[in-house]
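Notes to accompany the following structure.
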Amino acid sequence: MIKVRFAPSPTGFLHIGGARTCLFNWLYAKAKNGKFILRIEDTDIRRSKKEFLDEILESIKWLGMDWDEIYFQSQRLSLYKEFAEKLLRENKAYQEENKAVVFKVEPHKIKIKDLIHGEIEFDTSVIKDQVLIKADGTPTYNFACVVDDATLGITHVIRGDDHISNTPKQILLYQALGFLSPEFAHIPLILSKEGGRLSKRKGATSISEFRQMGYLPEALVNYLLLLSWSPGENRELIDIEEAINLFDIKDVNKTSAVFDMDKLNWINSQYIRKQDPNELVDIVTPLLIEKGFVKRENLNREYILNVVKLFQNRISTLAEFIEWADFFFKDEIEPEPQAKEKFLNKDLSKEFSLFLNRLAQLKEFNPQTIEMEFRQLVKDLNLEARQLVHPVRVALTGKTVGPGLFELIYYLGKERTIQRIKKWIKR
RNA sequence: GUCCCCAUCGUCUAGAGGCCUAGGACAAGGGCCUUUCGAGCCCUCGGCACCGGUUCGAAUCCGGUUGGGGACGCCA
C-alpha cells in the first residue's frame, strides 16, 4: 500500500509552498487509496513553537485535508540514537569529541530515480561527511528523515525541489542502514513574481493570512492544484473530488511556477459566486464584527444575507466585500474625493428634494416601485437616468460603483436613504 | 566557487516527431450592454530563449550557449 507523508517543522506558519506539498501528498494518497501521514519535525527545540504547530494543523484542516497518523520526531529521539549507534558499531560513522556522530561519506556515483524528473546523477565525492547526531543529542534533518521514512514504511517521498540535493545523502544512509529506498518525487518550487522564493517580503504567504483575507479554502486548493499540474481539457475550475480521480504524481511538471495573485483572485471570485450565500454570511460575519460594522450580541443575519447577495457576483475576496459594502454598515458615510468631485460637484438640491418627496410618498417600498418612481421623476425633469443615478449613488454609498441602485436603496431602507440624500440639499 | 534542477504568450498551462500558420485561463487593451462598475458578453494583443545537430519532417529527440531557480549548516 502507498504511504506518503508531509513533514512540516513547527518553526513558522504553514505557507503556500508547504501547503501545496501537503496537498500533493494528500492527493496522491487519496488517489491511490493509500495512507497520508503527518510528521512533525520538531527536533530544533529552540525554534519549534506550539503556536506554529497549532497553526499548521489548523491550516491543513481548513484546506480540507486530514491525516491517518501523526508522529513527532521529538518523541522518537531514542530511535535515532539506536540507529546512530548501529552505524558507529559498524564503523560507518565516527564520534567527535563533543559527542556528535558523523557519517562517513564514501565516494560513489548515485543515480536517483525521480518520478517527476527521471534519473538524476550525483557524485558523492563532493559531499562532506554528514553529522547524524548533534552534540546536544538531537538528530540532524537528513538522519531523522531517513530513519523515520524507513521505519514508518513511507513508500513515496513527495517533497519540494529544494530537497533534490539532500537525496543522495539520504540514499547513502538508506544503504548504510540496510533499508530499501522509497520512491522520490520532487515537485517544483513556487516562486514569487519578483523571482526567487516566495517570502513575507513578497506578499502574503501563510495560509492563515489568506484565510483572513477572505479566500475560500476550496478556491485556494483549486489554485494550488493548477500550479505545476493540470487536469487537462483546458479546465481551470476543478473540485477536490474530481482532482483525486485525475491526479497522478507522474503528471506533475518539472517547471517552477510563479504565484499569481490575479489568477487566485479570479478563481476565488468563481467560488464565491457558487457558494451558498448563507455560508458566506458565516464567513463574513466575523470580519464585520472585527471591523466594528456589526455587534456580536446584536446580529441581523437576514440583513447581512441580503447585502451579501447584492455583492456576491461582483467581488473576488471577502475582504473586498467589507471594503465595498461598508456603507451598508456605517451610520455616516464620507464620499470618496474623486466620486464627490465627479458627481456631486454641482447643486442638485431641487432634484434630490423631488426624489425624496416621491420616495416618502411611496405606498409600497421595494426595488420595482423605487425604480418606477425614479424613472418617472427623471422623465418629468427631462433628464437622462444616468444624470441622476450617479449623484444619488455617490450620496448613498460614497462610491461610483456598486450594486444596482434600486436594490441598494431598498436594502438601505427609506430612512437612511432620505437622511443621506438630505445632506446634499441646500436650503 | 562547486554540485544539481529547469526553460511554450507578462503569469499559470495544453502539447509526449507530422493533428501546431501552437490551444485554453488570468492579466492587459478595445468594443458592446446597462442605472454605475472593478460585474456580464464579444474581440484583440502576445509565446515554443538562442545556436548547432538527428530526421523527409521538431515546440516535441540530442549537444552546447544563455537565462532563471535550488543546494552546499551540529536549520529543516
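Ligands are numbered from 1 in the order shown, residues from 1 within each chain, and chains are lettered A, B, ... in the order they appear in the C-alpha cells.
Those residues of chain B that fall within 8 Å of chain A when using only C-alpha atoms (C1' of nucleotides) read U2, C3, C4, C5, C6, A7, U11, C12, U13, A14, G24, A25, C26, A27, U35, U36, C37, G38, A39, G69, G70, A71, C74, C75 and A76 of chain B.
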message: Residues of region 9-219 of chain A classed as alpha helix (DSSP H) by DSSP on the backbone are to be reported as JSON, numbers by chain.
response: {"A": [16, 17, 18, 19, 20, 21, 22, 23, 24, 25, 26, 27, 28, 29, 30, 31, 50, 51, 52, 53, 54, 55, 56, 57, 58, 59, 60, 61, 62, 77, 78, 79, 80, 81, 82, 83, 84, 85, 86, 87, 88, 89, 141, 142, 143, 144, 145, 146, 147, 148, 149, 150, 151, 167, 168, 169, 170, 171, 172, 173, 174, 175, 176, 177, 207, 208, 209, 210, 211, 212, 217, 218, 219]}
Save the residues we just selected, C-alpha atoms, as a compact mmCIF listing (two decimals), in the first residue's frame?
# COMPACT_ATOMS: atom_id res chain seq x y z
CA ILE A 16 1.78 28.43 0.25
CA GLY A 17 4.65 26.17 -0.76
CA GLY A 18 4.24 23.83 2.19
CA ALA A 19 0.52 23.69 1.65
CA ARG A 20 1.00 22.61 -1.93
CA THR A 21 3.48 19.90 -0.94
CA CYS A 22 0.99 18.74 1.65
CA LEU A 23 -1.80 18.82 -0.92
CA PHE A 24 0.09 16.76 -3.48
CA ASN A 25 0.95 14.16 -0.87
CA TRP A 26 -2.59 14.01 0.42
CA LEU A 27 -3.98 13.88 -3.10
CA TYR A 28 -1.66 11.07 -4.08
CA ALA A 29 -2.67 9.07 -1.02
CA LYS A 30 -6.34 9.59 -1.81
CA ALA A 31 -5.88 8.84 -5.49
CA LYS A 50 3.47 25.14 19.94
CA GLU A 51 1.64 28.06 18.34
CA PHE A 52 3.19 27.24 14.98
CA LEU A 53 2.19 23.60 15.31
CA ASP A 54 -1.39 24.56 16.09
CA GLU A 55 -1.47 26.96 13.20
CA ILE A 56 -0.11 24.36 10.78
CA LEU A 57 -2.61 21.71 11.80
CA GLU A 58 -5.45 24.17 11.67
CA SER A 59 -4.47 25.35 8.21
CA ILE A 60 -4.28 21.80 6.88
CA LYS A 61 -7.75 21.09 8.22
CA TRP A 62 -9.09 24.37 6.93
CA LEU A 77 14.83 10.55 19.87
CA SER A 78 15.90 7.18 21.26
CA LEU A 79 15.20 5.57 17.91
CA TYR A 80 17.62 7.86 16.12
CA LYS A 81 20.27 7.19 18.74
CA GLU A 82 19.85 3.47 18.30
CA PHE A 83 20.47 3.66 14.59
CA ALA A 84 23.38 6.03 15.09
CA GLU A 85 24.97 3.57 17.46
CA LYS A 86 24.49 0.81 14.93
CA LEU A 87 26.41 2.83 12.35
CA LEU A 88 29.07 3.55 14.94
CA ARG A 89 29.45 -0.16 15.71
CA TYR A 141 17.33 16.58 9.48
CA ASN A 142 18.64 14.10 6.93
CA PHE A 143 19.22 11.38 9.50
CA ALA A 144 15.90 11.68 11.29
CA CYS A 145 14.18 11.89 7.94
CA VAL A 146 15.69 8.65 6.69
CA VAL A 147 15.14 6.74 9.93
CA ASP A 148 11.53 7.86 10.03
CA ASP A 149 10.70 7.35 6.39
CA ALA A 150 12.19 3.86 6.59
CA THR A 151 10.68 2.75 9.90
CA THR A 167 18.50 12.97 -1.70
CA PRO A 168 21.94 11.47 -2.44
CA LYS A 169 22.91 11.99 1.20
CA GLN A 170 19.78 10.21 2.27
CA ILE A 171 20.25 7.37 -0.17
CA LEU A 172 23.69 6.79 1.27
CA LEU A 173 22.05 6.49 4.67
CA TYR A 174 19.38 4.09 3.43
CA GLN A 175 22.16 1.90 2.09
CA ALA A 176 24.29 2.11 5.22
CA LEU A 177 21.30 1.27 7.41
CA ILE A 207 -2.37 30.05 4.71
CA SER A 208 -3.94 31.73 7.72
CA GLU A 209 -3.36 35.11 6.13
CA PHE A 210 -5.25 34.03 3.05
CA ARG A 211 -8.00 32.84 5.31
CA GLN A 212 -8.14 36.22 6.99
CA PRO A 217 -10.31 27.13 1.09
CA GLU A 218 -11.75 25.38 -1.95
CA ALA A 219 -10.58 28.23 -4.15
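Using only C-alpha atoms (C1' of nucleotides), the residues found no farther than 12 Å from U55 (chain B), other than those of its own chain fewer than 4 positions away, are B:G17, B:G18, B:C61, B:C62.
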Residues just named, written with C-alpha atoms (C1' of nucleotides) as a PDB file, in the first residue's frame:
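Printed below is again.pdb as written:
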ATOM      1  C1'   G B  17       8.094  13.959 -34.217  1.00  0.00           C
ATOM      2  C1'   G B  18       3.693  15.263 -38.701  1.00  0.00           C
ATOM      3  C1'   C B  61      14.845  13.888 -29.576  1.00  0.00           C
ATOM      4  C1'   C B  62      20.490  15.021 -28.755  1.00  0.00           C
TER       5        C B  62
END
query: When distances are computed from only C-alpha atoms, which of A:Val392, A:Glu351, A:Pro367, A:Leu152 shows the smallest separation from Lys426 (chain A)?
result: A:Glu351
- request: Considering only C-alpha atoms (C1' of nucleotides), return as a ChimeraX atom specification whatever protein or nucleic-acid residues lie within 7 Å of region 64-72 of chain A, sequence-local ones (same chain, fewer than 6 positions apart) excluded.
  value: /A:35-42
